[in-house]
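Below is the file data_0.pdb, which contains PDB, C-alpha atoms.
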ATOM      1  CA  MET A   1     -45.174 -25.459  -0.039
ATOM      2  CA  HIS A   2     -45.484 -21.677   0.078
ATOM      3  CA  GLU A   3     -43.370 -21.224  -3.048
ATOM      4  CA  LEU A   4     -45.568 -23.653  -4.964
ATOM      5  CA  GLY A   5     -48.638 -21.556  -4.209
ATOM      6  CA  ILE A   6     -46.963 -18.481  -5.643
ATOM      7  CA  VAL A   7     -45.718 -20.411  -8.689
ATOM      8  CA  VAL A   8     -49.319 -21.449  -9.380
ATOM      9  CA  HIS A   9     -50.405 -17.778  -9.270
ATOM     10  CA  VAL A  10     -47.585 -16.662 -11.569
ATOM     11  CA  ILE A  11     -48.212 -19.403 -14.112
ATOM     12  CA  LYS A  12     -51.937 -18.723 -14.139
ATOM     13  CA  GLN A  13     -51.347 -15.059 -14.948
ATOM     14  CA  ILE A  14     -48.777 -15.744 -17.665
ATOM     15  CA  GLU A  15     -50.880 -18.454 -19.308
ATOM     16  CA  GLU A  16     -53.833 -16.068 -19.496
ATOM     17  CA  LEU A  17     -51.602 -13.387 -20.951
ATOM     18  CA  ALA A  18     -50.242 -15.805 -23.558
ATOM     19  CA  LYS A  19     -53.741 -16.784 -24.580
ATOM     20  CA  GLU A  20     -54.955 -13.164 -24.802
ATOM     21  CA  ASN A  21     -51.972 -12.199 -26.943
ATOM     22  CA  LYS A  22     -52.308 -15.298 -29.114
ATOM     23  CA  VAL A  23     -48.645 -16.258 -28.789
ATOM     24  CA  ASN A  24     -47.177 -19.640 -29.683
ATOM     25  CA  LYS A  25     -45.176 -19.987 -26.532
ATOM     26  CA  VAL A  26     -43.530 -18.102 -23.711
ATOM     27  CA  VAL A  27     -39.757 -18.541 -23.884
ATOM     28  CA  GLU A  28     -38.580 -16.442 -20.981
ATOM     29  CA  LEU A  29     -40.023 -14.996 -17.788
ATOM     30  CA  THR A  30     -38.317 -12.406 -15.590
ATOM     31  CA  LEU A  31     -39.370 -11.950 -11.966
ATOM     32  CA  GLU A  32     -38.121  -9.274  -9.602
ATOM     33  CA  VAL A  33     -38.258 -10.479  -6.055
ATOM     34  CA  GLY A  34     -37.521  -8.428  -2.960
ATOM     35  CA  GLU A  35     -34.978 -10.074  -0.697
ATOM     36  CA  VAL A  36     -37.329  -9.965   2.309
ATOM     37  CA  SER A  37     -40.365 -11.250   0.403
ATOM     38  CA  GLY A  38     -40.091 -14.554   2.271
ATOM     39  CA  VAL A  39     -39.621 -16.598  -0.882
ATOM     40  CA  VAL A  40     -36.715 -19.031  -1.119
ATOM     41  CA  LYS A  41     -35.203 -18.807  -4.590
ATOM     42  CA  GLU A  42     -34.116 -22.460  -4.844
ATOM     43  CA  TYR A  43     -37.541 -23.777  -3.793
ATOM     44  CA  PHE A  44     -39.276 -21.387  -6.126
ATOM     45  CA  ILE A  45     -37.178 -22.523  -9.094
ATOM     46  CA  ASP A  46     -37.817 -26.195  -8.279
ATOM     47  CA  ALA A  47     -41.552 -25.601  -8.033
ATOM     48  CA  PHE A  48     -41.509 -23.613 -11.273
ATOM     49  CA  GLU A  49     -39.580 -26.269 -13.211
ATOM     50  CA  TRP A  50     -42.027 -28.914 -12.022
ATOM     51  CA  SER A  51     -45.147 -26.849 -12.705
ATOM     52  CA  LYS A  52     -44.228 -25.540 -16.146
ATOM     53  CA  LYS A  53     -44.414 -29.043 -17.636
ATOM     54  CA  LYS A  54     -48.153 -29.011 -17.012
ATOM     55  CA  THR A  55     -48.750 -25.712 -18.830
ATOM     56  CA  GLU A  56     -49.842 -25.017 -22.362
ATOM     57  CA  TYR A  57     -47.509 -22.165 -23.314
ATOM     58  CA  MET A  58     -44.661 -22.361 -20.814
ATOM     59  CA  LYS A  59     -43.202 -25.857 -21.221
ATOM     60  CA  GLU A  60     -39.851 -24.471 -22.436
ATOM     61  CA  CYS A  61     -39.945 -21.215 -20.522
ATOM     62  CA  LYS A  62     -36.653 -20.084 -19.007
ATOM     63  CA  LEU A  63     -36.935 -18.382 -15.616
ATOM     64  CA  ASN A  64     -34.901 -15.305 -14.626
ATOM     65  CA  PHE A  65     -35.226 -14.860 -10.907
ATOM     66  CA  VAL A  66     -33.805 -11.451  -9.999
ATOM     67  CA  MET A  67     -33.409 -10.596  -6.314
ATOM     68  CA  THR A  68     -33.802  -6.905  -5.500
ATOM     69  CA  LYS A  69     -32.286  -5.342  -2.409
ATOM     70  CA  ALA A  70     -34.433  -4.368   0.579
ATOM     71  CA  PHE A  71     -34.201  -0.899   2.111
ATOM     72  CA  SER A  72     -35.628   0.561   5.317
ATOM     73  CA  TYR A  73     -36.100   4.187   6.321
ATOM     74  CA  CYS A  74     -35.257   5.748   9.685
ATOM     75  CA  GLU A  75     -37.796   8.403  10.678
ATOM     76  CA  ASP A  76     -35.335  10.048  13.063
ATOM     77  CA  CYS A  77     -32.314  10.252  10.724
ATOM     78  CA  LYS A  78     -34.429  10.671   7.574
ATOM     79  CA  GLU A  79     -32.167   8.210   5.805
ATOM     80  CA  THR A  80     -32.481   4.785   4.221
ATOM     81  CA  TYR A  81     -30.278   1.799   4.994
ATOM     82  CA  PRO A  82     -30.049  -1.839   3.791
ATOM     83  CA  THR A  83     -32.621  -3.944   5.689
ATOM     84  CA  VAL A  84     -31.008  -7.378   5.595
ATOM     85  CA  GLU A  85     -27.797  -6.160   7.205
ATOM     86  CA  PHE A  86     -29.343  -4.076  10.007
ATOM     87  CA  GLY A  87     -32.934  -5.265  10.393
ATOM     88  CA  LYS A  88     -35.224  -2.886  12.250
ATOM     89  CA  THR A  89     -32.390  -1.008  13.967
ATOM     90  CA  CYS A  90     -31.041   2.097  12.268
ATOM     91  CA  PRO A  91     -27.251   1.689  11.790
ATOM     92  CA  LYS A  92     -26.708   5.425  12.300
ATOM     93  CA  CYS A  93     -28.638   6.246  15.477
ATOM     94  CA  GLY A  94     -29.432   2.760  16.792
ATOM     95  CA  GLY A  95     -33.117   3.683  17.004
ATOM     96  CA  ALA A  96     -36.101   1.559  16.076
ATOM     97  CA  HIS A  97     -38.353   4.166  14.437
ATOM     98  CA  THR A  98     -37.868   2.523  11.094
ATOM     99  CA  TYR A  99     -40.002   0.993   8.406
ATOM    100  CA  LEU A 100     -39.479  -1.082   5.301
ATOM    101  CA  VAL A 101     -39.509   0.978   2.104
ATOM    102  CA  THR A 102     -38.917  -1.746  -0.443
ATOM    103  CA  GLY A 103     -38.001  -5.417  -0.510
ATOM    104  CA  ARG A 104     -41.205  -7.321   0.034
ATOM    105  CA  ASP A 105     -42.483  -6.995  -3.537
ATOM    106  CA  PHE A 106     -42.836  -9.879  -5.918
ATOM    107  CA  MET A 107     -43.100  -8.485  -9.434
ATOM    108  CA  ILE A 108     -43.551 -10.069 -12.819
ATOM    109  CA  LYS A 109     -41.255  -7.831 -14.869
ATOM    110  CA  ASP A 110     -41.630  -9.120 -18.403
ATOM    111  CA  VAL A 111     -41.996 -12.151 -20.633
ATOM    112  CA  LYS A 112     -40.443 -13.015 -23.956
ATOM    113  CA  VAL A 113     -42.841 -14.683 -26.351
ATOM    114  CA  VAL A 114     -42.788 -16.049 -29.898
TER     115      VAL A 114
ATOM    116  CA  MET B   1     -36.410 -18.358 -36.844
ATOM    117  CA  GLU B   2     -39.438 -17.052 -35.047
ATOM    118  CA  GLN B   3     -39.463 -13.437 -33.936
ATOM    119  CA  VAL B   4     -39.098 -13.091 -30.179
ATOM    120  CA  ARG B   5     -40.898 -10.125 -28.652
ATOM    121  CA  THR B   6     -41.018  -8.882 -25.103
ATOM    122  CA  ILE B   7     -44.189  -8.048 -23.218
ATOM    123  CA  LEU B   8     -43.524  -5.694 -20.318
ATOM    124  CA  LEU B   9     -45.768  -6.336 -17.339
ATOM    125  CA  HIS B  10     -44.255  -5.007 -14.187
ATOM    126  CA  ARG B  11     -47.123  -6.095 -12.028
ATOM    127  CA  SER B  12     -47.295  -7.741  -8.641
ATOM    128  CA  VAL B  13     -47.671 -11.506  -8.514
ATOM    129  CA  TYR B  14     -50.446 -10.947  -6.000
ATOM    130  CA  ALA B  15     -52.322  -8.558  -8.333
ATOM    131  CA  ASP B  16     -54.615 -11.294  -9.610
ATOM    132  CA  ASN B  17     -55.607 -12.500  -6.178
ATOM    133  CA  ASP B  18     -55.914  -8.968  -4.803
ATOM    134  CA  LYS B  19     -58.360  -8.094  -7.588
ATOM    135  CA  GLU B  20     -60.393 -11.226  -6.930
ATOM    136  CA  ALA B  21     -60.390 -10.470  -3.194
ATOM    137  CA  ASP B  22     -61.695  -6.919  -3.748
ATOM    138  CA  LEU B  23     -64.503  -8.234  -5.945
ATOM    139  CA  LEU B  24     -65.418 -10.776  -3.295
ATOM    140  CA  ARG B  25     -65.455  -8.089  -0.580
ATOM    141  CA  ALA B  26     -67.829  -5.958  -2.674
ATOM    142  CA  TYR B  27     -70.074  -8.974  -3.299
ATOM    143  CA  LEU B  28     -70.236  -9.735   0.431
ATOM    144  CA  LYS B  29     -70.862  -6.089   1.266
ATOM    145  CA  ASP B  30     -73.886  -6.085  -1.068
ATOM    146  CA  ARG B  31     -75.293  -9.100   0.725
ATOM    147  CA  GLY B  32     -74.485  -7.853   4.213
ATOM    148  CA  VAL B  33     -72.347 -10.856   5.099
ATOM    149  CA  PHE B  34     -69.372 -10.137   7.358
ATOM    150  CA  VAL B  35     -66.492 -12.526   6.699
ATOM    151  CA  VAL B  36     -63.673 -12.844   9.220
ATOM    152  CA  ASN B  37     -60.302 -14.348   8.311
ATOM    153  CA  LEU B  38     -58.897 -16.092  11.376
ATOM    154  CA  MET B  39     -55.185 -16.883  11.407
ATOM    155  CA  SER B  40     -52.812 -18.522  13.897
ATOM    156  CA  SER B  41     -50.125 -21.149  14.193
ATOM    157  CA  PRO B  42     -51.215 -24.775  14.731
ATOM    158  CA  GLY B  43     -52.358 -25.366  18.304
ATOM    159  CA  ALA B  44     -52.917 -21.729  19.295
ATOM    160  CA  GLY B  45     -56.532 -22.571  20.028
ATOM    161  CA  LYS B  46     -58.384 -21.272  16.978
ATOM    162  CA  THR B  47     -61.142 -23.854  17.127
ATOM    163  CA  THR B  48     -61.533 -23.699  20.922
ATOM    164  CA  THR B  49     -61.632 -19.888  20.928
ATOM    165  CA  LEU B  50     -64.098 -19.887  18.078
ATOM    166  CA  THR B  51     -66.334 -22.366  19.887
ATOM    167  CA  ALA B  52     -66.330 -20.217  23.038
ATOM    168  CA  LEU B  53     -67.008 -17.060  21.030
ATOM    169  CA  ILE B  54     -69.799 -18.539  18.929
ATOM    170  CA  SER B  55     -71.632 -19.764  22.029
ATOM    171  CA  LYS B  56     -71.773 -16.122  23.174
ATOM    172  CA  ILE B  57     -73.039 -14.592  19.931
ATOM    173  CA  LYS B  58     -75.112 -17.254  18.190
ATOM    174  CA  ASP B  59     -78.392 -16.090  19.750
ATOM    175  CA  LYS B  60     -77.864 -12.578  18.398
ATOM    176  CA  VAL B  61     -76.444 -13.183  14.915
ATOM    177  CA  ARG B  62     -76.547 -15.999  12.387
ATOM    178  CA  VAL B  63     -73.112 -17.624  12.287
ATOM    179  CA  GLY B  64     -71.387 -19.857   9.755
ATOM    180  CA  VAL B  65     -67.912 -21.407   9.936
ATOM    181  CA  MET B  66     -65.556 -22.529   7.208
ATOM    182  CA  GLU B  67     -62.617 -24.586   8.386
ATOM    183  CA  ALA B  68     -59.627 -24.743   6.093
ATOM    184  CA  ASP B  69     -57.127 -27.521   6.463
ATOM    185  CA  ILE B  70     -54.812 -29.427   4.260
ATOM    186  CA  ASP B  71     -56.848 -32.524   5.024
ATOM    187  CA  SER B  72     -59.391 -34.031   7.494
ATOM    188  CA  ASP B  73     -62.674 -32.627   8.801
ATOM    189  CA  VAL B  74     -62.097 -32.878  12.563
ATOM    190  CA  ASP B  75     -62.448 -29.133  13.126
ATOM    191  CA  ALA B  76     -65.717 -28.738  11.215
ATOM    192  CA  ILE B  77     -67.238 -31.639  13.149
ATOM    193  CA  ARG B  78     -66.005 -30.234  16.461
ATOM    194  CA  ILE B  79     -67.489 -26.799  15.787
ATOM    195  CA  ALA B  80     -70.808 -28.248  14.628
ATOM    196  CA  GLU B  81     -71.088 -30.573  17.617
ATOM    197  CA  ARG B  82     -70.245 -27.945  20.218
ATOM    198  CA  THR B  83     -72.128 -24.950  18.892
ATOM    199  CA  GLY B  84     -74.759 -26.273  16.516
ATOM    200  CA  VAL B  85     -73.930 -23.637  13.881
ATOM    201  CA  LYS B  86     -73.491 -24.358  10.212
ATOM    202  CA  SER B  87     -69.942 -25.501   9.588
ATOM    203  CA  ILE B  88     -68.132 -26.809   6.526
ATOM    204  CA  GLN B  89     -64.626 -28.041   5.866
ATOM    205  CA  LEU B  90     -62.488 -26.719   3.027
ATOM    206  CA  HIS B  91     -59.548 -28.770   1.876
ATOM    207  CA  THR B  92     -56.706 -26.771   0.424
ATOM    208  CA  GLY B  93     -55.225 -29.877  -1.174
ATOM    209  CA  GLY B  94     -51.741 -29.441   0.201
ATOM    210  CA  MET B  95     -51.630 -25.651  -0.118
ATOM    211  CA  CYS B  96     -50.513 -23.742   2.944
ATOM    212  CA  HIS B  97     -53.064 -20.933   2.691
ATOM    213  CA  LEU B  98     -56.459 -19.914   1.369
ATOM    214  CA  ASP B  99     -56.819 -17.460  -1.475
ATOM    215  CA  ALA B 100     -59.817 -15.430  -2.605
ATOM    216  CA  GLY B 101     -60.885 -18.048  -5.159
ATOM    217  CA  MET B 102     -60.990 -20.814  -2.546
ATOM    218  CA  THR B 103     -62.893 -18.542  -0.149
ATOM    219  CA  LYS B 104     -65.517 -17.825  -2.802
ATOM    220  CA  THR B 105     -65.935 -21.550  -3.512
ATOM    221  CA  GLY B 106     -66.443 -22.190   0.201
ATOM    222  CA  LEU B 107     -68.956 -19.348   0.563
ATOM    223  CA  ASP B 108     -71.000 -20.723  -2.333
ATOM    224  CA  GLU B 109     -71.055 -24.104  -0.637
ATOM    225  CA  ILE B 110     -72.087 -22.855   2.813
ATOM    226  CA  ASP B 111     -74.899 -20.693   1.341
ATOM    227  CA  ILE B 112     -74.543 -17.230   2.829
ATOM    228  CA  SER B 113     -78.111 -16.100   2.098
ATOM    229  CA  ASN B 114     -79.190 -16.554   5.719
ATOM    230  CA  LEU B 115     -75.960 -15.717   7.533
ATOM    231  CA  ASP B 116     -74.700 -12.503   9.171
ATOM    232  CA  ILE B 117     -71.132 -13.551   9.917
ATOM    233  CA  VAL B 118     -68.860 -16.252   8.545
ATOM    234  CA  PHE B 119     -65.634 -17.197  10.293
ATOM    235  CA  LEU B 120     -63.000 -18.468   7.949
ATOM    236  CA  GLU B 121     -60.491 -20.540   9.871
ATOM    237  CA  ASN B 122     -57.364 -20.283   7.760
ATOM    238  CA  VAL B 123     -54.645 -22.968   7.655
ATOM    239  CA  GLY B 124     -52.570 -22.993  10.856
ATOM    240  CA  ASN B 125     -49.472 -21.083   9.777
ATOM    241  CA  LEU B 126     -48.206 -17.537  10.385
ATOM    242  CA  VAL B 127     -46.486 -16.961   7.052
ATOM    243  CA  CYS B 128     -48.501 -17.806   3.944
ATOM    244  CA  PRO B 129     -52.047 -16.921   5.098
ATOM    245  CA  ALA B 130     -50.790 -13.392   5.785
ATOM    246  CA  GLU B 131     -49.637 -12.930   2.201
ATOM    247  CA  PHE B 132     -52.812 -13.850   0.362
ATOM    248  CA  ASP B 133     -55.891 -11.654   0.679
ATOM    249  CA  THR B 134     -58.909 -13.921   1.230
ATOM    250  CA  GLY B 135     -61.520 -11.259   0.514
ATOM    251  CA  ALA B 136     -62.556 -11.142   4.173
ATOM    252  CA  SER B 137     -63.651  -7.840   5.739
ATOM    253  CA  LEU B 138     -61.697  -8.360   8.950
ATOM    254  CA  ASP B 139     -58.380 -10.066   9.713
ATOM    255  CA  VAL B 140     -57.896 -11.606  13.127
ATOM    256  CA  MET B 141     -55.005 -13.535  14.558
ATOM    257  CA  ILE B 142     -54.687 -15.636  17.672
ATOM    258  CA  LEU B 143     -51.362 -15.849  19.456
ATOM    259  CA  SER B 144     -51.100 -18.208  22.412
ATOM    260  CA  VAL B 145     -48.938 -17.849  25.514
ATOM    261  CA  PRO B 146     -46.840 -21.043  24.993
ATOM    262  CA  GLU B 147     -45.676 -19.730  21.609
ATOM    263  CA  GLY B 148     -43.720 -16.920  23.266
ATOM    264  CA  ASP B 149     -43.982 -13.133  23.474
ATOM    265  CA  ASP B 150     -41.461 -12.597  20.648
ATOM    266  CA  LYS B 151     -43.700 -13.822  17.816
ATOM    267  CA  PRO B 152     -44.629 -10.295  16.637
ATOM    268  CA  LEU B 153     -40.924  -9.779  15.947
ATOM    269  CA  LYS B 154     -40.508 -13.056  14.101
ATOM    270  CA  TYR B 155     -43.675 -13.009  11.995
ATOM    271  CA  PRO B 156     -44.347  -9.282  11.568
ATOM    272  CA  LEU B 157     -46.590  -9.455   8.502
ATOM    273  CA  VAL B 158     -49.452 -11.342  10.128
ATOM    274  CA  PHE B 159     -49.437  -8.854  13.028
ATOM    275  CA  GLU B 160     -49.292  -5.895  10.651
ATOM    276  CA  LYS B 161     -52.323  -7.003   8.725
ATOM    277  CA  SER B 162     -54.536  -8.074  11.657
ATOM    278  CA  ASP B 163     -57.292  -5.751  12.902
ATOM    279  CA  LEU B 164     -57.633  -7.791  16.080
ATOM    280  CA  VAL B 165     -54.993  -9.819  17.922
ATOM    281  CA  ILE B 166     -56.313 -12.253  20.521
ATOM    282  CA  ILE B 167     -53.728 -13.465  23.039
ATOM    283  CA  ASN B 168     -55.007 -16.867  24.131
ATOM    284  CA  LYS B 169     -54.187 -19.231  27.022
ATOM    285  CA  ILE B 170     -53.542 -16.457  29.560
ATOM    286  CA  ASP B 171     -54.546 -18.978  32.246
ATOM    287  CA  ALA B 172     -51.109 -20.515  31.555
ATOM    288  CA  LEU B 173     -49.147 -17.266  32.009
ATOM    289  CA  LYS B 174     -47.644 -18.401  35.297
ATOM    290  CA  TYR B 175     -46.052 -21.461  33.697
ATOM    291  CA  PHE B 176     -44.346 -19.664  30.841
ATOM    292  CA  ASN B 177     -41.780 -16.932  30.370
ATOM    293  CA  PHE B 178     -44.307 -14.758  28.584
ATOM    294  CA  ASP B 179     -44.250 -11.029  29.247
ATOM    295  CA  LEU B 180     -47.731  -9.780  28.325
ATOM    296  CA  GLU B 181     -46.784  -6.089  28.450
ATOM    297  CA  LYS B 182     -43.757  -6.671  26.265
ATOM    298  CA  CYS B 183     -45.786  -8.708  23.786
ATOM    299  CA  ILE B 184     -48.412  -5.949  23.513
ATOM    300  CA  SER B 185     -45.692  -3.352  22.922
ATOM    301  CA  TYR B 186     -44.161  -5.538  20.150
ATOM    302  CA  ILE B 187     -47.561  -5.800  18.469
ATOM    303  CA  LYS B 188     -48.205  -2.058  18.797
ATOM    304  CA  ALA B 189     -44.793  -1.328  17.292
ATOM    305  CA  ARG B 190     -45.761  -3.328  14.207
ATOM    306  CA  ASN B 191     -49.370  -2.184  14.057
ATOM    307  CA  LYS B 192     -50.476   0.706  16.227
ATOM    308  CA  ASN B 193     -54.140   0.360  15.183
ATOM    309  CA  ALA B 194     -54.530  -3.268  16.267
ATOM    310  CA  THR B 195     -57.045  -4.084  18.985
ATOM    311  CA  ILE B 196     -55.496  -6.544  21.448
ATOM    312  CA  ILE B 197     -57.604  -8.726  23.748
ATOM    313  CA  PRO B 198     -56.024 -11.273  26.132
ATOM    314  CA  VAL B 199     -58.290 -14.281  26.729
ATOM    315  CA  SER B 200     -58.452 -17.808  27.997
ATOM    316  CA  ALA B 201     -60.728 -19.865  25.788
ATOM    317  CA  LYS B 202     -60.496 -22.582  28.458
ATOM    318  CA  THR B 203     -61.718 -20.565  31.454
ATOM    319  CA  GLY B 204     -63.759 -18.092  29.396
ATOM    320  CA  GLU B 205     -61.847 -15.042  30.603
ATOM    321  CA  GLY B 206     -61.972 -12.210  28.059
ATOM    322  CA  ILE B 207     -64.387 -13.970  25.707
ATOM    323  CA  ASP B 208     -67.189 -11.525  26.560
ATOM    324  CA  GLU B 209     -65.003  -8.681  25.373
ATOM    325  CA  VAL B 210     -64.238 -10.504  22.120
ATOM    326  CA  ALA B 211     -67.966 -11.181  21.618
ATOM    327  CA  LYS B 212     -68.736  -7.491  22.168
ATOM    328  CA  TYR B 213     -66.030  -6.531  19.670
ATOM    329  CA  PHE B 214     -67.521  -8.749  16.949
ATOM    330  CA  LEU B 215     -71.137  -7.746  17.563
ATOM    331  CA  LYS B 216     -70.135  -4.101  17.211
ATOM    332  CA  LYS B 217     -68.150  -4.825  14.031
ATOM    333  CA  ILE B 218     -71.153  -6.571  12.473
ATOM    334  CA  VAL B 219     -73.440  -3.616  13.277
ATOM    335  CA  ASP B 220     -70.887  -1.144  11.843
ATOM    336  CA  PHE B 221     -70.494  -3.286   8.734
ATOM    337  CA  LYS B 222     -74.225  -3.503   8.067
ATOM    338  CA  GLU B 223     -74.799   0.201   8.688
ATOM    339  CA  CYS B 224     -72.069   1.793   6.610
TER     340      CYS B 224
END

Written as structure tokens, how would this file's structure read?
Amino acid sequence: MHELGIVVHVIKQIEELAKENKVNKVVELTLEVGEVSGVVKEYFIDAFEWSKKKTEYMKECKLNFVMTKAFSYCEDCKETYPTVEFGKTCPKCGGAHTYLVTGRDFMIKDVKVV
Amino acid sequence: MEQVRTILLHRSVYADNDKEADLLRAYLKDRGVFVVNLMSSPGAGKTTTLTALISKIKDKVRVGVMEADIDSDVDAIRIAERTGVKSIQLHTGGMCHLDAGMTKTGLDEIDISNLDIVFLENVGNLVCPAEFDTGASLDVMILSVPEGDDKPLKYPLVFEKSDLVIINKIDALKYFNFDLEKCISYIKARNKNATIIPVSAKTGEGIDEVAKYFLKKIVDFKEC
């Protein structure tokens, strides 16, 4: 359900872009998705494959879904560490003065058009 | 063979909605209408809390309510019957959240020209509503005692983005393993600027404080 909402936003933006650039069709779309963005890749792909059939420019669009790694920063150790493995606890000092640096983003990287 | 070319974008998926939300906030600012995005899980007592709160402030400010649900209009009817304020129902048509576009559509329908504050009751869910900016000027979430004191750890984003966290159903504290102090410290760890007010919408405890909070926010909003 959540993934579908995001698919709708992505498709809307790409369709507008295709129209503005007067392309024939969009053949490939690359997304960069942080691993703690809360989006499930399989659901997203399903929702995308279903939704693209209803578009004007994206009916044959191939989707590249690239997961990017999440990193957190420990304010005490001044070091970053992988978030998924250790969560909010710094693996070095065991402290909790940490925050997420990257990994929640959901970026449209590029599109290939003809 | 057609020539394939690449268009580099590198922009956030939420960019579109964020832009729309900022425009909506500016539009509401111009008109002096304070919109509050209210989030919680299903059954936390959004409608009951809202009813209790509105009864306290409706003589001082002009209130409107927009209820978002996947379907049905039970909440809008309940609010209208109990408080007498203007209330409409928005159907998200299966979507799990409201976005800025849907909020704008709702605001056009409710007619904001003679309102000071509009409560937007988002879909009952702690994940998706937190990710989409509705264009509201204030984000509020309601956590209820039966849900457990660990929710700020499990759904951090909604706690991070909320200006006010209302902890509801404190009349039931004695029946649940809910550590209020611990819960407040979890929220503060995620969001040190959050205002936290424990209430019981059922007994009315704490509602005066919530009413005072909103009345002050409306004055600040209209002045600055």

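The space between CA of His97 in chain A and CA of Asn168 in chain B spans 28.5 Å.
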
Requested in this report: One decimal, Å: what's the distance from CA of Asp16 in chain B over to CA of Gln13 in chain A, could you say?
Outcome: 7.3 Å

Report task. Could you state which residues are captured by the PyMOL selection byres ((chain A) within 7 of (chain B)) in this file, as a list of chain:residue names? Result -> A:Met1, A:His2, A:Gly5, A:His9, A:Val10, A:Phe106, A:Met107, A:Ile108, A:Lys109, A:Asp110, A:Val111, A:Lys112, A:Val113, A:Val114

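Taking only C-alpha atoms into account, Lys222 in chain B lies nearest to B:Asp116 out of the set B:Asp116, B:Asp133, B:Glu205, B:Glu109.
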
Requested in this report: Starting from the displayed file, determine the output of the PyMOL selection byres ((chain B and resi 29) around 12) and express the residue list as a ChimeraX atom specification.
Outcome: /B:22-28,30-35,112,116-117,135-137,218,220-224

Save the residues we just selected, C-alpha atoms, as a PDB file, keeping the file's coordinate frame?
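Saved result, selection.pdb, follows:
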ATOM      1  CA  ASP B  22     -61.695  -6.919  -3.748  1.00  0.00           C
ATOM      2  CA  LEU B  23     -64.503  -8.234  -5.945  1.00  0.00           C
ATOM      3  CA  LEU B  24     -65.418 -10.776  -3.295  1.00  0.00           C
ATOM      4  CA  ARG B  25     -65.455  -8.089  -0.580  1.00  0.00           C
ATOM      5  CA  ALA B  26     -67.829  -5.958  -2.674  1.00  0.00           C
ATOM      6  CA  TYR B  27     -70.074  -8.974  -3.299  1.00  0.00           C
ATOM      7  CA  LEU B  28     -70.236  -9.735   0.431  1.00  0.00           C
ATOM      8  CA  ASP B  30     -73.886  -6.085  -1.068  1.00  0.00           C
ATOM      9  CA  ARG B  31     -75.293  -9.100   0.725  1.00  0.00           C
ATOM     10  CA  GLY B  32     -74.485  -7.853   4.213  1.00  0.00           C
ATOM     11  CA  VAL B  33     -72.347 -10.856   5.099  1.00  0.00           C
ATOM     12  CA  PHE B  34     -69.372 -10.137   7.358  1.00  0.00           C
ATOM     13  CA  VAL B  35     -66.492 -12.526   6.699  1.00  0.00           C
ATOM     14  CA  ILE B 112     -74.543 -17.230   2.829  1.00  0.00           C
ATOM     15  CA  ASP B 116     -74.700 -12.503   9.171  1.00  0.00           C
ATOM     16  CA  ILE B 117     -71.132 -13.551   9.917  1.00  0.00           C
ATOM     17  CA  GLY B 135     -61.520 -11.259   0.514  1.00  0.00           C
ATOM     18  CA  ALA B 136     -62.556 -11.142   4.173  1.00  0.00           C
ATOM     19  CA  SER B 137     -63.651  -7.840   5.739  1.00  0.00           C
ATOM     20  CA  ILE B 218     -71.153  -6.571  12.473  1.00  0.00           C
ATOM     21  CA  ASP B 220     -70.887  -1.144  11.843  1.00  0.00           C
ATOM     22  CA  PHE B 221     -70.494  -3.286   8.734  1.00  0.00           C
ATOM     23  CA  LYS B 222     -74.225  -3.503   8.067  1.00  0.00           C
ATOM     24  CA  GLU B 223     -74.799   0.201   8.688  1.00  0.00           C
ATOM     25  CA  CYS B 224     -72.069   1.793   6.610  1.00  0.00           C
TER      26      CYS B 224
END

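Nearest to Leu50 in chain B of all the residues B:Ile142, B:Thr195, B:Leu107, B:Lys154 is B:Ile142, counting all atoms listed in the file.
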
Requested in this report: Run the PyMOL selection byres ((chain A and resi 67) around 12) mentally over the shown coordinates, then write out the matched residues as number ranges by chain, using the chain letters and numbers from the document.
Outcome: A: 30-42, 64-66, 68-70, 102-107, 109

Query - From B:Thr203, B:Ser55, B:Thr47, B:Asn37, residue lying nearest Thr83 in chain B [all atoms listed in the file] - result: B:Ser55

Requested in this report: Quick one: pull the distance between CA of Ile110 in chain B and CA of Lys217 in chain B, Å, one decimal.
Outcome: 21.6 Å

Query - Selected residue, from B:Leu173, B:Ala211, B:Gly84, B:Glu20, that lies nearest to Ser144 in chain B when counting all atoms listed in the file - result: B:Leu173

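Counting all atoms listed in the file and comparing A:Leu17, A:Cys74, A:Cys61, A:Ile45, the residue that lies closest to Phe86 in chain A is A:Cys74.
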
Padding 3 Å on every side, please: axis-aligned box over the listed atoms of range 84-87 of chain A, centre and edge lengths to one decimal in Å, as JSON.
{"center_x": -30.4, "center_y": -5.7, "center_z": 8.0, "size_x": 11.1, "size_y": 9.3, "size_z": 10.8}

**Report entry** Non-local contacts of Asp69 in chain B (9 Å; only C-alpha atoms; under 4 positions in same chain excluded) as number ranges by chain
**Finding:** B: 73, 75, 89-97, 121-124

I'd like the neighbourhood of Ala201 in chain B as a CSV table (one decimal) with C-alpha atoms, in the coordinates of the input, where a residue qualifies if any of its atoms comes within 7 Å (using only C-alpha atoms), though same-chain residues fewer than 2 positions away should be ignored.
chain,number,residue,atom,x,y,z
B,48,THR,CA,-61.5,-23.7,20.9
B,49,THR,CA,-61.6,-19.9,20.9
B,52,ALA,CA,-66.3,-20.2,23.0
B,168,ASN,CA,-55.0,-16.9,24.1
B,169,LYS,CA,-54.2,-19.2,27.0
B,199,VAL,CA,-58.3,-14.3,26.7
B,203,THR,CA,-61.7,-20.6,31.5
B,204,GLY,CA,-63.8,-18.1,29.4
B,205,GLU,CA,-61.8,-15.0,30.6
B,207,ILE,CA,-64.4,-14.0,25.7
